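Undergrad: Below is the file input-v5.csv, which contains CSV, C-alpha atoms.
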```csv
chain,number,residue,atom,x,y,z
B,22,MET,CA,23.9,-68.7,155.0
B,23,MET,CA,25.0,-67.9,151.5
B,24,GLN,CA,21.9,-69.4,150.2
B,25,THR,CA,19.7,-67.1,152.3
B,26,THR,CA,21.5,-63.9,151.2
B,27,ASN,CA,21.2,-64.8,147.5
B,28,SER,CA,17.4,-65.5,147.8
B,29,TYR,CA,16.9,-62.1,149.4
B,30,LEU,CA,19.1,-60.4,146.9
B,31,VAL,CA,16.6,-61.4,144.2
B,32,LEU,CA,13.8,-59.7,146.1
B,33,VAL,CA,15.9,-56.6,146.4
B,34,LEU,CA,16.6,-56.6,142.7
B,35,LEU,CA,13.0,-57.1,141.9
B,36,ALA,CA,12.0,-54.2,144.2
B,37,VAL,CA,14.5,-51.9,142.6
B,38,ALA,CA,13.3,-53.0,139.1
B,39,ALA,CA,9.6,-52.4,140.2
B,40,VAL,CA,10.3,-49.0,141.6
B,41,GLY,CA,12.3,-48.1,138.5
B,42,PHE,CA,9.5,-49.3,136.2
B,43,ALA,CA,7.1,-47.0,138.0
B,44,VAL,CA,9.4,-44.0,138.4
B,45,ALA,CA,11.0,-44.0,135.0
B,46,PRO,CA,7.9,-43.0,133.0
B,47,LEU,CA,7.1,-40.3,135.6
B,48,ALA,CA,10.7,-39.0,135.4
B,49,ALA,CA,10.5,-39.1,131.6
B,50,ALA,CA,7.3,-37.1,131.6
B,51,TRP,CA,8.7,-34.7,134.1
B,52,ALA,CA,11.9,-34.2,132.1
B,53,TRP,CA,9.9,-33.8,128.9
B,54,ALA,CA,7.7,-31.1,130.5
B,55,ARG,CA,10.7,-29.5,132.1
B,56,PHE,CA,13.0,-29.2,129.1
B,57,PHE,CA,10.8,-29.2,126.0
B,58,SER,CA,7.5,-27.5,126.8
B,59,PRO,CA,7.4,-23.8,127.5
B,60,SER,CA,5.7,-23.2,130.8
B,61,LYS,CA,3.0,-20.7,130.6
B,62,PRO,CA,1.3,-20.3,133.9
B,63,GLY,CA,-1.4,-17.8,134.3
B,64,ARG,CA,-4.2,-16.6,136.5
B,65,ASP,CA,-6.9,-18.8,135.0
B,66,LYS,CA,-4.6,-21.7,134.5
B,67,ASN,CA,-3.5,-21.7,138.2
B,68,ALA,CA,-7.0,-21.2,139.5
B,69,ILE,CA,-8.1,-23.7,142.0
B,70,TYR,CA,-11.6,-24.5,140.7
B,71,GLU,CA,-12.4,-25.9,137.3
B,72,CYS,CA,-16.1,-25.0,136.9
B,73,GLY,CA,-15.4,-21.9,134.8
B,74,LEU,CA,-16.6,-19.6,137.6
B,75,GLU,CA,-14.2,-17.6,139.6
B,76,SER,CA,-14.1,-18.5,143.3
B,77,LYS,CA,-15.5,-15.8,145.6
B,78,GLY,CA,-14.7,-14.9,149.1
B,79,ASP,CA,-12.3,-16.5,151.6
B,80,ALA,CA,-12.0,-20.2,152.5
B,81,TRP,CA,-11.2,-19.2,156.1
B,82,ILE,CA,-14.7,-18.6,157.3
B,83,HIS,CA,-16.2,-19.1,160.8
B,84,PHE,CA,-18.6,-21.9,161.3
B,85,ARG,CA,-21.1,-21.7,164.2
B,86,SER,CA,-20.0,-24.3,166.6
B,87,GLU,CA,-23.3,-24.3,168.4
B,88,TYR,CA,-24.7,-27.1,166.3
B,89,TYR,CA,-23.3,-29.7,168.7
B,90,LEU,CA,-25.9,-28.7,171.3
B,91,TYR,CA,-28.7,-29.6,168.9
B,92,GLY,CA,-26.9,-32.9,168.3
B,93,ILE,CA,-26.8,-33.6,172.0
B,94,ILE,CA,-30.4,-32.7,172.6
B,95,PHE,CA,-31.4,-34.9,169.7
B,96,LEU,CA,-29.4,-37.7,171.3
B,97,VAL,CA,-31.4,-37.3,174.5
B,98,PHE,CA,-34.7,-38.0,172.7
B,99,ASP,CA,-33.1,-40.6,170.5
B,100,VAL,CA,-31.7,-42.8,173.3
B,101,GLU,CA,-34.9,-42.3,175.3
B,102,THR,CA,-37.0,-43.6,172.4
B,103,ILE,CA,-34.8,-46.6,171.9
B,104,PHE,CA,-35.0,-47.7,175.6
B,105,LEU,CA,-38.6,-46.7,176.3
B,106,LEU,CA,-40.0,-49.2,173.8
B,107,PRO,CA,-38.4,-52.3,175.4
B,108,PHE,CA,-39.2,-50.7,178.8
B,109,ALA,CA,-42.9,-50.5,177.9
B,110,VAL,CA,-43.0,-54.0,176.4
B,111,ALA,CA,-41.3,-55.6,179.5
B,112,PHE,CA,-43.1,-53.3,182.0
B,113,THR,CA,-45.4,-55.9,183.6
B,114,GLY,CA,-42.6,-58.5,184.1
B,115,LEU,CA,-40.2,-56.0,185.5
B,116,SER,CA,-38.7,-56.2,189.1
B,117,ALA,CA,-38.8,-53.2,191.4
B,118,GLY,CA,-35.0,-52.9,191.0
B,119,GLY,CA,-35.2,-52.8,187.3
B,120,PHE,CA,-38.0,-50.2,187.4
B,121,VAL,CA,-36.0,-47.9,189.7
B,122,ALA,CA,-32.9,-48.3,187.4
B,123,MET,CA,-34.9,-47.4,184.4
B,124,ILE,CA,-36.4,-44.3,186.2
B,125,VAL,CA,-32.9,-43.2,187.2
B,126,PHE,CA,-31.8,-43.6,183.6
B,127,LEU,CA,-34.7,-41.6,182.3
B,128,LEU,CA,-34.1,-38.9,185.0
B,129,LEU,CA,-30.5,-38.6,183.9
B,130,LEU,CA,-31.6,-38.0,180.3
B,131,VAL,CA,-34.3,-35.6,181.4
B,132,GLU,CA,-31.7,-33.7,183.4
B,133,GLY,CA,-29.8,-33.0,180.2
B,134,LEU,CA,-33.0,-31.7,178.6
B,135,VAL,CA,-33.7,-29.5,181.6
B,136,TRP,CA,-30.1,-28.2,181.5
B,137,ALA,CA,-30.5,-27.3,177.8
B,138,TRP,CA,-33.9,-25.7,178.5
B,139,ARG,CA,-32.5,-23.6,181.4
B,140,LYS,CA,-29.6,-22.5,179.2
B,141,GLY,CA,-32.1,-21.3,176.6
B,142,PHE,CA,-30.9,-23.5,173.8
B,143,LEU,CA,-34.5,-24.6,172.9
B,144,SER,CA,-35.6,-21.1,172.0
B,145,TRP,CA,-34.9,-20.1,168.4
B,146,LYS,CA,-32.7,-17.1,168.1
J,25,MET,CA,14.7,-35.6,106.3
J,26,ILE,CA,14.0,-38.8,104.3
J,27,ASP,CA,12.8,-38.6,100.7
J,28,GLU,CA,9.1,-39.5,100.2
J,29,GLY,CA,9.8,-41.8,97.3
J,30,LEU,CA,12.5,-43.7,99.2
J,31,LYS,CA,10.1,-43.9,102.1
J,32,SER,CA,7.3,-45.5,100.1
J,33,GLU,CA,9.9,-47.8,98.4
J,34,LEU,CA,11.0,-49.0,101.8
J,35,GLN,CA,7.4,-49.5,102.9
J,36,LYS,CA,6.9,-51.9,100.1
J,37,GLN,CA,9.7,-53.9,101.4
J,38,GLY,CA,8.2,-53.9,104.9
J,39,VAL,CA,10.6,-51.2,106.3
J,40,TYR,CA,8.8,-48.3,108.0
J,41,VAL,CA,10.7,-45.1,108.5
J,42,THR,CA,9.3,-42.2,110.5
J,43,SER,CA,10.4,-39.1,112.1
J,44,LEU,CA,10.0,-38.1,115.7
J,45,GLN,CA,7.6,-35.4,114.6
J,46,GLU,CA,5.4,-37.8,112.8
J,47,LEU,CA,5.4,-40.3,115.6
J,48,TYR,CA,4.6,-37.6,118.1
J,49,ASN,CA,1.8,-36.2,116.0
J,50,TRP,CA,0.4,-39.7,115.3
J,51,GLY,CA,0.2,-40.3,119.1
J,52,ARG,CA,-1.4,-37.0,119.8
J,53,ALA,CA,-3.9,-37.3,116.9
J,54,ASN,CA,-5.2,-40.6,118.0
J,55,SER,CA,-5.6,-39.8,121.7
J,56,VAL,CA,-7.6,-36.5,121.6
J,57,TRP,CA,-9.5,-36.2,124.9
J,58,PRO,CA,-12.5,-33.9,124.7
J,59,LEU,CA,-13.9,-31.9,127.5
J,60,THR,CA,-17.3,-33.0,128.8
J,61,PHE,CA,-18.8,-29.7,128.0
J,62,GLY,CA,-22.3,-29.4,126.5
J,63,LEU,CA,-24.1,-26.1,126.2
J,64,ALA,CA,-27.3,-27.0,124.4
J,65,CYS,CA,-28.9,-29.5,122.1
J,66,CYS,CA,-25.7,-30.2,120.2
J,67,ALA,CA,-24.5,-31.8,123.3
J,68,ILE,CA,-27.1,-34.6,122.8
J,69,GLU,CA,-25.5,-35.3,119.5
J,70,MET,CA,-22.1,-35.2,121.0
J,71,MET,CA,-23.2,-37.8,123.6
J,72,ALA,CA,-24.7,-39.9,120.9
J,73,ALA,CA,-21.4,-39.8,119.0
J,74,SER,CA,-19.6,-41.1,122.0
J,75,MET,CA,-22.1,-44.0,122.6
J,76,ALA,CA,-22.1,-47.5,121.1
J,77,ARG,CA,-23.9,-46.7,117.8
J,78,PHE,CA,-21.5,-44.1,116.5
J,79,ASP,CA,-18.6,-45.1,118.7
J,80,LEU,CA,-16.2,-42.2,118.8
J,81,ALA,CA,-13.8,-44.6,120.5
J,82,ARG,CA,-12.7,-45.8,117.1
J,83,PHE,CA,-10.9,-42.4,116.7
J,84,GLY,CA,-9.4,-42.4,120.2
J,85,ALA,CA,-11.6,-39.5,121.3
J,86,GLU,CA,-14.0,-41.2,123.6
J,87,VAL,CA,-12.4,-40.3,126.8
J,88,PHE,CA,-14.5,-37.3,127.7
J,89,ARG,CA,-12.8,-35.6,130.7
J,90,PRO,CA,-14.8,-33.7,133.3
J,91,SER,CA,-11.9,-31.6,134.2
J,92,PRO,CA,-10.3,-29.1,131.8
J,93,ARG,CA,-6.9,-30.0,133.2
J,94,GLN,CA,-7.0,-33.3,131.5
J,95,ALA,CA,-8.7,-32.4,128.2
J,96,ASP,CA,-7.1,-31.6,124.8
J,97,LEU,CA,-10.2,-30.7,122.9
J,98,MET,CA,-13.0,-28.3,123.7
J,99,ILE,CA,-16.2,-29.2,121.7
J,100,VAL,CA,-18.3,-26.0,122.0
J,101,ALA,CA,-21.6,-27.9,121.6
J,102,GLY,CA,-24.4,-25.4,121.5
J,103,THR,CA,-25.5,-21.8,122.0
J,104,VAL,CA,-22.9,-19.7,123.8
J,105,THR,CA,-24.8,-17.1,125.7
J,106,LYS,CA,-23.1,-13.9,126.7
J,107,LYS,CA,-23.4,-15.0,130.3
J,108,MET,CA,-21.6,-18.2,129.5
J,109,ALA,CA,-18.9,-16.8,127.3
J,110,PRO,CA,-16.4,-15.8,130.1
J,111,LEU,CA,-16.8,-19.3,131.6
J,112,VAL,CA,-16.1,-20.9,128.2
J,113,VAL,CA,-12.9,-18.8,127.8
J,114,ARG,CA,-11.8,-19.5,131.4
J,115,LEU,CA,-12.3,-23.2,130.9
J,116,TYR,CA,-10.3,-23.0,127.7
J,117,ASN,CA,-7.5,-21.2,129.5
J,118,GLN,CA,-7.5,-23.9,132.1
J,119,MET,CA,-6.9,-26.7,129.6
J,120,PRO,CA,-3.2,-27.7,129.1
J,121,GLU,CA,-1.5,-27.1,125.8
J,122,PRO,CA,-1.7,-28.4,123.1
J,123,LYS,CA,-5.4,-27.7,122.9
J,124,TYR,CA,-8.0,-27.5,120.2
J,125,VAL,CA,-11.5,-26.2,119.7
J,126,ILE,CA,-14.3,-27.5,117.6
J,127,ALA,CA,-17.3,-25.2,117.2
J,128,MET,CA,-20.2,-27.6,116.8
J,129,GLY,CA,-23.4,-26.4,115.2
J,130,ALA,CA,-24.8,-23.2,113.9
J,131,CYS,CA,-25.0,-21.6,117.3
J,132,ALA,CA,-21.4,-22.0,118.2
J,133,ILE,CA,-20.3,-20.8,114.8
J,134,SER,CA,-22.5,-17.8,114.4
J,135,GLY,CA,-25.3,-17.7,117.0
J,136,GLY,CA,-27.5,-19.8,114.7
J,137,PRO,CA,-31.2,-19.4,115.0
J,138,PHE,CA,-30.7,-17.2,118.1
J,139,LYS,CA,-28.4,-14.8,116.3
J,140,GLN,CA,-30.8,-11.9,116.8
J,141,GLY,CA,-31.0,-12.6,120.5
J,142,TYR,CA,-29.5,-9.9,122.7
J,143,ASN,CA,-28.0,-12.4,125.0
J,144,VAL,CA,-26.4,-14.7,122.4
J,145,LEU,CA,-22.7,-14.6,121.4
J,146,LYS,CA,-22.5,-14.5,117.7
J,147,GLY,CA,-19.9,-17.2,117.3
J,148,VAL,CA,-17.4,-18.5,119.8
J,149,ASP,CA,-14.6,-17.6,117.3
J,150,ARG,CA,-14.8,-14.1,118.7
J,151,TYR,CA,-13.0,-15.2,121.8
J,152,LEU,CA,-11.4,-18.6,121.0
J,153,PRO,CA,-9.2,-19.9,118.2
J,154,VAL,CA,-11.6,-22.4,116.5
J,155,ASP,CA,-9.8,-25.2,114.6
J,156,VAL,CA,-12.8,-26.9,113.1
J,157,SER,CA,-16.4,-25.7,112.6
J,158,ILE,CA,-19.3,-28.1,112.0
J,159,PRO,CA,-22.4,-26.6,110.3
J,160,GLY,CA,-25.8,-28.1,111.1
J,161,CYS,CA,-28.6,-27.5,113.6
J,162,PRO,CA,-27.7,-29.8,115.3
J,163,PRO,CA,-25.0,-31.6,113.3
J,164,ARG,CA,-25.4,-35.4,113.2
J,165,PRO,CA,-22.9,-37.5,115.1
J,166,GLU,CA,-21.3,-38.4,111.8
J,167,ALA,CA,-20.6,-34.7,111.3
J,168,LEU,CA,-18.8,-34.6,114.6
J,169,ILE,CA,-16.8,-37.7,113.7
J,170,HIS,CA,-15.9,-36.0,110.5
J,171,ALA,CA,-14.8,-32.9,112.4
J,172,ILE,CA,-12.6,-35.1,114.7
J,173,MET,CA,-11.1,-36.7,111.6
J,174,THR,CA,-10.4,-33.2,110.2
J,175,LEU,CA,-8.8,-32.2,113.4
J,176,GLN,CA,-6.7,-35.3,113.4
J,177,GLU,CA,-5.5,-34.4,109.9
J,178,LYS,CA,-4.6,-31.0,111.2
J,179,ILE,CA,-2.7,-32.4,114.1
J,180,LEU,CA,-0.8,-34.9,111.9
J,181,ASN,CA,0.4,-32.0,109.6
J,182,GLN,CA,1.5,-29.7,112.4
J,183,LYS,CA,5.2,-28.8,112.3
J,184,LEU,CA,6.8,-28.9,115.7
J,185,THR,CA,9.8,-26.7,114.8
J,186,GLY,CA,10.3,-23.6,112.8
J,187,PRO,CA,8.4,-20.3,112.7
J,188,GLU,CA,5.1,-22.1,111.8
J,189,ARG,CA,5.2,-24.2,115.0
J,190,PRO,CA,2.0,-24.3,117.0
J,191,ARG,CA,1.4,-21.9,119.9
J,192,HIS,CA,2.2,-24.3,122.7
J,193,LEU,CA,5.8,-24.8,121.4
J,194,ASN,CA,6.4,-21.1,121.1
J,195,ALA,CA,7.4,-19.6,124.4
J,196,ASP,CA,6.8,-16.0,123.2
J,197,VAL,CA,3.1,-16.5,122.6
J,198,ALA,CA,0.8,-15.9,125.6
J,199,GLY,CA,-0.8,-19.0,126.9
J,200,GLU,CA,-4.1,-17.5,128.1
J,201,TYR,CA,-6.8,-15.8,126.1
J,202,PRO,CA,-8.4,-12.7,127.7
J,203,VAL,CA,-11.6,-13.4,129.5
J,204,PRO,CA,-14.3,-11.0,128.7
J,205,ALA,CA,-16.1,-9.2,131.5
J,206,TYR,CA,-19.8,-8.5,131.9
J,207,GLY,CA,-20.5,-4.9,130.8
J,208,PRO,CA,-23.6,-2.9,131.2
J,209,HIS,CA,-24.8,-3.6,127.6
J,210,ASP,CA,-22.4,-6.2,126.2
J,211,LEU,CA,-19.4,-8.2,127.0
J,212,GLU,CA,-16.3,-6.1,127.3
J,213,PRO,CA,-14.5,-6.4,124.9
J,214,PRO,CA,-17.2,-7.6,122.5
J,215,ASN,CA,-14.5,-9.7,120.7
J,216,ASN,CA,-10.9,-10.6,121.1
J,217,PRO,CA,-9.3,-8.2,118.6
J,218,ALA,CA,-6.2,-10.4,118.2
J,219,ILE,CA,-8.2,-13.3,116.7
J,220,TRP,CA,-11.4,-11.8,115.3
J,221,GLN,CA,-12.2,-8.5,113.7
J,222,PRO,CA,-15.7,-7.5,112.6
J,223,PRO,CA,-15.9,-7.6,108.8
J,224,ALA,CA,-15.3,-4.3,107.1
J,225,ILE,CA,-18.4,-2.8,105.6
J,226,LYS,CA,-18.0,-2.1,101.9
J,227,ARG,CA,-20.2,0.7,100.5
```
Now that the file is in, can you turn its structure into structure tokens?
TA:
Amino acid sequence: MMQTTNSYLVLVLLAVAAVGFAVAPLAAAWAWARFFSPSKPGRDKNAIYECGLESKGDAWIHFRSEYYLYGIIFLVFDVETIFLLPFAVAFTGLSAGGFVAMIVFLLLLVEGLVWAWRKGFLSWK
Amino acid sequence: MIDEGLKSELQKQGVYVTSLQELYNWGRANSVWPLTFGLACCAIEMMAASMARFDLARFGAEVFRPSPRQADLMIVAGTVTKKMAPLVVRLYNQMPEPKYVIAMGACAISGGPFKQGYNVLKGVDRYLPVDVSIPGCPPRPEALIHAIMTLQEKILNQKLTGPERPRHLNADVAGEYPVPAYGPHDLEPPNNPAIWQPPAIKR
């Protein structure tokens, strides 16, 4: 039991030494900056950007959230293309059940397109 | 303060004595980090100076920093147009103290071949405290290296205490330089009167 405690004590000491090794230079740098260098903050110095230009406007702007609709409509065509090619290749060897399943799948996708069309998302505003 | 003669006598015996000021300045002088900031063709020479052939790394000044927050030295390498001048001053203001300026080439010193141009600043020393000026159009990389060595000498000889101490150790001196604004005809003000005055005309 005593043996185990001692071996872990070494690890703890090592961890403390490692943290001290990392923190000591940072603390020394902080203390040097805090006690020896006069702090001179200013408008330019505290500016966020470093390109030389002043930042304009507000960061809290509105984004149009409608873009997700275009993403969804793209997905309709994208998925369709991916599944239509194997469908066409395997068409002659397809069972009736597989054919019906594929048609249902296509109709589901087309339904999404029809919905978007009815909502008027396809017309450019 | 140790006597210079005693110091050299001790050095002959292999004992090196130094002061905190000398040690501090020695460290600063050999790790000058310039700002990656090229304005015109002088920047090509500046790049060449940092590459393998001229090897600015021998002088500890090869770490070009893309952010002014990490840079000690602004090498104004090229023509400063009046449109660019406020940006140059703003970047200088964003650099942490202690900071230094090298005006590289004829354009940065005086406007150079474009001095007659309506849009060219006739010398960056109108707005910034230039430490070293390098003549040439453009100066060779050796000239830039010489300027860095001159700057190192200047840093090594800086006194950290007393009334002659540099700006960054003097709490009373303002840390930022005024940024000029775009006026209808010229920058406003056309120069920073605290550091540059137009020469008096003698008749």
Undergrad: Within 12 Å of chain J, which residues of chain B show up when using only C-alpha atoms, listed as an MDAnalysis selection string?
TA: chainID B and resid 54 56:75
Undergrad: I'd like the neighbourhood of Ala73 of chain J as a JSON list (two decimals) with C-alpha atoms, in the frame of the given file, where a residue qualifies if any of its atoms comes within 12 Å (using all atoms listed in the file), though same-chain residues fewer than 3 positions away should be ignored.
TA:
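As written to disk, out-v8.json reads:
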```
[["chain", "number", "residue", "atom", "x", "y", "z"],
["J", 66, "CYS", "CA", -25.70, -30.20, 120.20],
["J", 67, "ALA", "CA", -24.50, -31.80, 123.30],
["J", 68, "ILE", "CA", -27.10, -34.60, 122.80],
["J", 69, "GLU", "CA", -25.50, -35.30, 119.50],
["J", 70, "MET", "CA", -22.10, -35.20, 121.00],
["J", 76, "ALA", "CA", -22.10, -47.50, 121.10],
["J", 77, "ARG", "CA", -23.90, -46.70, 117.80],
["J", 78, "PHE", "CA", -21.50, -44.10, 116.50],
["J", 79, "ASP", "CA", -18.60, -45.10, 118.70],
["J", 80, "LEU", "CA", -16.20, -42.20, 118.80],
["J", 81, "ALA", "CA", -13.80, -44.60, 120.50],
["J", 82, "ARG", "CA", -12.70, -45.80, 117.10],
["J", 83, "PHE", "CA", -10.90, -42.40, 116.70],
["J", 85, "ALA", "CA", -11.60, -39.50, 121.30],
["J", 86, "GLU", "CA", -14.00, -41.20, 123.60],
["J", 87, "VAL", "CA", -12.40, -40.30, 126.80],
["J", 88, "PHE", "CA", -14.50, -37.30, 127.70],
["J", 163, "PRO", "CA", -25.00, -31.60, 113.30],
["J", 164, "ARG", "CA", -25.40, -35.40, 113.20],
["J", 165, "PRO", "CA", -22.90, -37.50, 115.10],
["J", 166, "GLU", "CA", -21.30, -38.40, 111.80],
["J", 167, "ALA", "CA", -20.60, -34.70, 111.30],
["J", 168, "LEU", "CA", -18.80, -34.60, 114.60],
["J", 169, "ILE", "CA", -16.80, -37.70, 113.70],
["J", 170, "HIS", "CA", -15.90, -36.00, 110.50],
["J", 171, "ALA", "CA", -14.80, -32.90, 112.40],
["J", 172, "ILE", "CA", -12.60, -35.10, 114.70]]
```
Undergrad: Excluding Gln182 of chain J and any residue of its chain fewer than 5 positions from it, enumerate the residues within 12 Å of it, using all atoms listed in the file, and give them as a PyMOL selection string.
TA: chain J and resi 45-50+52-53+122+175-177+187-193
Undergrad: Between atom CA of Asp96 of chain J and atom CA of Ile126 of chain J, measure the distance and give it in Å to one decimal.
TA: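 Straight-line distance from atom CA of Asp96 of chain J to atom CA of Ile126 of chain J works out to 11.0 Å.
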Undergrad: From the coordinates I just gave you, please extract segment 37-58 of chain B so that only C-alpha atoms remain, then output it as a PDB file, in the first residue's frame.
TA:
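As written to disk, part36.pdb reads:
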```pdb
ATOM      1  CA  VAL B  37       2.998  20.238 -10.311  1.00  0.00           C
ATOM      2  CA  ALA B  38       6.480  20.845 -11.711  1.00  0.00           C
ATOM      3  CA  ALA B  39       5.168  20.720 -15.293  1.00  0.00           C
ATOM      4  CA  VAL B  40       2.373  23.176 -14.591  1.00  0.00           C
ATOM      5  CA  GLY B  41       4.812  25.435 -12.771  1.00  0.00           C
ATOM      6  CA  PHE B  42       7.223  25.257 -15.668  1.00  0.00           C
ATOM      7  CA  ALA B  43       4.470  26.371 -18.022  1.00  0.00           C
ATOM      8  CA  VAL B  44       2.869  28.977 -15.779  1.00  0.00           C
ATOM      9  CA  ALA B  45       6.013  30.593 -14.347  1.00  0.00           C
ATOM     10  CA  PRO B  46       7.147  32.323 -17.599  1.00  0.00           C
ATOM     11  CA  LEU B  47       3.594  33.474 -18.263  1.00  0.00           C
ATOM     12  CA  ALA B  48       3.322  34.838 -14.748  1.00  0.00           C
ATOM     13  CA  ALA B  49       6.716  36.525 -15.079  1.00  0.00           C
ATOM     14  CA  ALA B  50       5.649  38.110 -18.382  1.00  0.00           C
ATOM     15  CA  TRP B  51       2.371  39.226 -16.857  1.00  0.00           C
ATOM     16  CA  ALA B  52       4.135  40.684 -13.807  1.00  0.00           C
ATOM     17  CA  TRP B  53       6.668  42.472 -16.001  1.00  0.00           C
ATOM     18  CA  ALA B  54       3.908  43.986 -18.103  1.00  0.00           C
ATOM     19  CA  ARG B  55       1.858  44.837 -15.033  1.00  0.00           C
ATOM     20  CA  PHE B  56       4.529  46.498 -12.923  1.00  0.00           C
ATOM     21  CA  PHE B  57       7.178  47.823 -15.286  1.00  0.00           C
ATOM     22  CA  SER B  58       5.572  48.860 -18.553  1.00  0.00           C
TER      23      SER B  58
END
```
